[in-house]
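A quick write-up on the structure given underneath.
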Amino acid sequence: MPEQAPISSVNDFVVRFANVNGSGSASANELFARAILRHGVPVSPRNIFPSNIQGLPTWYEVRVTEAGHLGARGGVDMMVAMNPQTWDKDVAGIEPGGYLFYDSTKPMPSSKFRDDITVIGVPLTAITNSTYTDPRQRQLFKNIIYLGALCALLDMDPKLVEQLIGEQYKGKEKLLSSNVHALHLGRDWALQNLKCPIGLRVKKADKVGDRIFIEGNSAAALGAVYGGATVCAWYPITPSSSLADAFAAHCRKYRHDPETGKAKYAIVQGEDELASIGIVIGASWNGARAFTATSGPGISLMTEFIGLSYFAEIPAVIMDVQRAGPSTGMPTRTQQCDIIACAYASHGDTKHVLLFPEDPAEAFEFAATAFDLAERLQTVIFLMLDLDIGMNHRLCRPLKWDDARQYDRGKLMTAEMLEEGRDFGRYLDVDGDGIPYRTLPGTHPTKGSYFTRGTSRDRYARYSEEGPVYADNMQRLMRKFETAQDLVPRPLQANAGKPTKYGVIYFGSTAPAMDEAIGLLEARGHHLDRLRIRAFPFHSSVASFIADHDFVYVVEQNRDGQLRTLIVNENGIDPVRLVSIVHYDGTPITARFIANAIGDHQDHLKVTPLRKAVS
Amino acid sequence: MTYIAKPRFHHPGLKKNALGFTHRDYEGKISTLCAGCGHDSITASIIEACFELSIEPHRVAKISGIGCSSKTPDYFLGNSHGFNSVHGRMPSVLTGANLANRDLIYLGVSGDGDSASIGFGQFAHSIRRGVNMTYIVENNGVYGLTKGQFSATADRGSKSKKGVMNTDNAIDLVAIALQLGATYVARSFSGDKRQLVPVIAGALQHKGAAFIDVISPCVAFNNHAGSTKSFDYVREHNDAVNRLDVITGRDPITVDYAPGTVQIVEQHDGSRLALRKIDADYDVHDRVAAQAFLQKHAAKGQIVTGLLYVDPEAEDLHSHLNTVDAPLNSLEAQDLCPGSTVLDKINASLR
C-alpha cells in the first residue's frame, strides 16, 4: 500500500505518455486528448520529442484542466510508462500520490517501483499478442488498447472515443471496427481486473465552448492562404517544416482553379535558406505576396537578404518558429530566443517589424496581417512563433475572417497614375510617413522603371555615395519605422483587481502560463497589472505602462532577457525598472515557475513594520 | 555610378524595328566600366538582340548579383525594371520574380565570381528547376572590382597579372549547365558580336532555362600573356561549332544558305533558329555527346563556342508547378481567399 494518499482530482491533472518515437503512439495519444475535449473539458497537450525519427524517447503530456489553464503545469500525476529506456526517470518524475501505468506482461523487480505511488499494471503485450499476429498491427493496436484501459481507469465515456475513431476512419470501415475492438479489449480488461475508476477522473463539463483545437504552424499557414500568399519558398528545418507542409496541404484544398485544376500558388523547396529568402524577395519585388518559414539557424543565414529587404524596401514575410539556440542548440525544444537576432537582423543600421502571436488563433490573424504590413511598409515582417505554439495542438477561439476585407497592397503606383503625370521617385517621401511609392516591373512602357539596388541612392533611385543623400534616406527609414508603430497590433493591458505599483510584461507563448500565474500570485497576496506585447516597434503604451509602475517584470523564454534589452534600448528605459524573469531550459514556461520567481522577488519587497515583527 | 548624363537626341534616320523603336530605346545609362571591357560588348549585344526581336523593353526584368558584370543591367534597357541584388544570389531573386509574373522576360546577368564561387549553388539549382530565363555569365576569370583575384573559372596553370600561377581546377559552367538539364546552352565570346547577338536572341525566345557563358576579357586585370581569358588567347583557341541566325516572325527564310549546311530548329513558341554548321558532326540536340565533345576539346586547350545544346520542347518551372495562366501577382482576394464560409467549416473540423 502506498504510504501517500493517492491523488484525487476531477478534471485537473497531468497525464504523461512515455513512448519510443516511430511506434505509432502519437495518434493514440492525440485521440486521448481529443476524447477529453469531447467531454467538454479543456486540455493542453504538448509533444516532447527528440531530433530523431525512430527509436529515441518521446513524451506526450496532456494537461486536463477544467479551469482552462493552457500553459504547461509541470509535474506528472499519471505516467503511462511505455518506454523501458526512460523508465527510471519517468517513475521518479511522478508526483507523490500519483499513478504509474505500465505493461505488466513481464514481471518487474519491486525495486523498479516507488512506495508513494499507485502502480497499475496491464499486460498490454500479452493481450495484444493473443489477439493480433501481424507485427505492425500488434504495435499500433497496443496503443489503442492502453487508451481503452485509461478510459476505464479515468472514468471516460467510451462512446465519445468511439465517435472520434468513427470520424477519423470515416469510410474505412475495416480500420474503424478494428480500432473500436482494440479500445474495448483494453477497457474490458481494466474493468474486470482493476479497481476502476482511480482517483483521477474525467467528468463531463461544458468548458470547451466553440473553441477549436489546432497547431500554431497549421493556423499560421492558413493565415498565409487567407492573407493571399501565392509564393512560398522554404528549406526544411525543425520546428518550422510543418508550417510549409501545412501551407501546401491547405493550398491543395483551397487554391486550385475548379475549372482548370491549375494552382494559384507556387511552392519551392529551396536549396537552402538563402535561396528561400531570395525567392521571397524576388517574388515580392514583382508584386506577389510571398513568405518563408524557418527557425533560428535559418534566420542567421538569411540576414544579408534581410538587410536588402530593409534597405531596398522590398516586402517579405518570414515566419520564425523559434527553437532553443545558439547554433544547432536544441532543435526540438522551445524558446523565445531570436528576438534580438530578428529585430536587428543584418549589418548596418537596421530595425525590423516583429509580431508576437500568443496562440494559433493569433498566429492565423497575424500571419494574414503580416502580408498587409509587408506591402504597406515595404519591408520584412517577422511572425515570431515558437515550437510550443507551432507544434502543439492548442485550444483557442475559432478562426475568423471578414469577407469584406481587401488586401492592402500599399503604395503601388499604377500605369494610370504615371500617365496622369504623377512624380515618381521610388524613395521619395510624398506623404510624410516615410513610405514611398513603388512600381512593379512591366507597369508602363516609358515611365516608372527604376533600378533596385542594395547600394545607397537618392530619392529617385539614382546611385549616390553623397553623405547627405545617404543620411536623408536613413532618416526616412526611421520615419517609416515610427509609422509602423501605429500599424502593428497594439499591446493588451489587463489590470489587477486592486491598484498596484507593480506590472508585468510578457509576450507570445508565455501568455497562458502568465494568465494562470496571476491567480497563483494573487493567492500569495501579490497583485500585478499585465501588458502583453504583440509587436515591435513598441507602441507608446509600453513606455507609459512602465512609467505608471514602480517596476515591471519582463517574463520571457531566453537566457538574456532579449525583450527587456529591446525595451530598454528602444524606449530609453532605466534598466533598474525592468526585472528580468527568464526561463530557458527548453521546456515551455509554467505558471508555477513564474509565480515562484515573481513571488519570491515580491516577498523580499514586503517590509514588515517593526512593531508587527516583534509583537 | 554614372556621372555623365546621356544626351537624348539621336539621328532621325535611325533604323526602327517592328514596334517603331530605335536602338536608343534599348539603351541604358552610360557604362562606368573600364574602356575596352568585354562586358560593354555584351551589353551592346543584348541591346542589339532585344532590338532585333522587337521586345517591348518594359516587359523585360533584368536581374543581377554583385560585381562588374552585375552592374551592367543599368547600361541597357533603361525602361526595364532592374534589380542589382546580393552577391551570388541573382538566381533565387530571378526565380521568385518569375514565379510572381510568368508573363515577363527574365534576363539574369552574372559573373564568374557571382555564379561559379559564392553563387555556385544558386546557379545550379535555378538551372535544375528549369526557370524560364536567359542566364548570362560574363566570364573573365577574375574578380575585377576587388582588383584581380582569380575566380573559379580561371584555368589551372593560367597566370594572374601579378604573375601568380593558378593551381586550382577550373569550373566549366557550360558543362555543368548541360549536366543539370539546361535546355538551351551556349558559349560565346564578347569579341565576336556576330556570334553573340543571335545566341542571346535565341535564348530570349527559348521557353526554359537558357544558359550562356560569354568569355569576356577583363582589360584591367586579365588580358596579359599567360592568361587564358585574354582577347588574344580566346581568339587563337576559339573553336566555334556553328553559327546561329534567329528568324523572327513566321516570314519565309530569305537568307541564302548553301544546301546541307543549315539546320532549322523550330522552338515551342514557333520561333526558329537557323544553325549553320561549322563542325559537320556536331549534333545540337545530343546532350550527352555535347558533354563529351566539350571535355575532349577542353583537354586540347580549345574553347568550344556556339549553340551547344537546345531542347525545342523544353518545359519550365511553371509547367512543373502547374500554376495558373494568369500571373500570380495579378490575383486578388476573390481569387485567393477561401472566405468565411470555408473557415467556418475548417473550424468545425477542428473540434
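Naming scheme: A, B, ... for chains in displayed order of the C-alpha cells; residues 1 onward per chain; ligands 1 onward as shown.
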
### Task
Output as a count of residues only the set of chain B residues within 7 Å of chain A, with distances taken over only C-alpha atoms.
39

Taking a cut-off of 12 Å and counting only C-alpha atoms, can you build a table that, for each residue of stretch 140-222 of chain B near stretch 263-275 of chain B, reports the nearest atom pair and how far apart they are in Å (one decimal), sorted by chain then residue number, as CSV?
residue,atom,partner,partner_atom,distance
B:Thr183,CA,B:Gln267,CA,11.1
B:Tyr184,CA,B:Gln267,CA,10.7
B:Gln195,CA,B:Leu275,CA,11.1
B:Pro198,CA,B:Leu273,CA,8.8
B:Val199,CA,B:Leu273,CA,9.5
B:Ile200,CA,B:Leu273,CA,11.6
B:Ala201,CA,B:Leu273,CA,9.5
B:Gly202,CA,B:Leu273,CA,6.9
B:Ala203,CA,B:Leu273,CA,10.2
B:Leu204,CA,B:Ser271,CA,10.5
B:Gln205,CA,B:Ser271,CA,7.0
B:His206,CA,B:Gln267,CA,7.0
B:Lys207,CA,B:His268,CA,7.4
B:Gly208,CA,B:His268,CA,10.1

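We find atom CA of A:Ser218 and atom CA of A:Ala511 to be spaced 19.4 Å apart.
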
### Message
Report as a list in words all protein, DNA and RNA residues lying within 9 Å of A:Val542, evaluated on only C-alpha atoms, omitting residues in the same chain fewer than 4 positions from it.
### Response
Pro491, Ile505, Leu531, Ile533, Phe538, Ile546, Ala547, Ile567 and Asn571 of chain A

### Task
Quick one: pull the distance between atom CA of B:Arg187 and atom CA of B:Val241, Å, one decimal.
10.2 Å

#### Entry: Spatial neighbours of B:Arg128, 12 Å, only C-alpha atoms, chain gap at least 2 places, as a PyMOL selection string
(chain A and resi 270-271) or (chain B and resi 91+95+121-126+130-132+176-183+208-211+315-317+320)

### Message
Need the shell around stretch 415-432 of chain A: protein/DNA/RNA residues with any atom at most 6 Å away, counting only C-alpha atoms. Skip same-chain ones fewer than 3 positions apart. Format as a list in words?
### Response
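The residues satisfying every condition are Ile435, Pro436, Tyr437, Arg438, Thr443, His444, Arg459, Tyr460 and Ala461 of chain A.
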
### Message
If you run DSSP on the backbone here, which positions in stretch 197-335 of chain B get strand (DSSP E or B)? Please write them as a PyMOL selection string.
### Response
chain B and resi 209-215+238-240+242-247+262-266+272-277+303-310+323

### Message
Please report the interatomic distance between atom CA of A:Leu373 and atom CA of A:Leu487 in Å with one decimal.
### Response
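If I compute the distance from atom CA of A:Leu373 to atom CA of A:Leu487, I get 7.6 Å.
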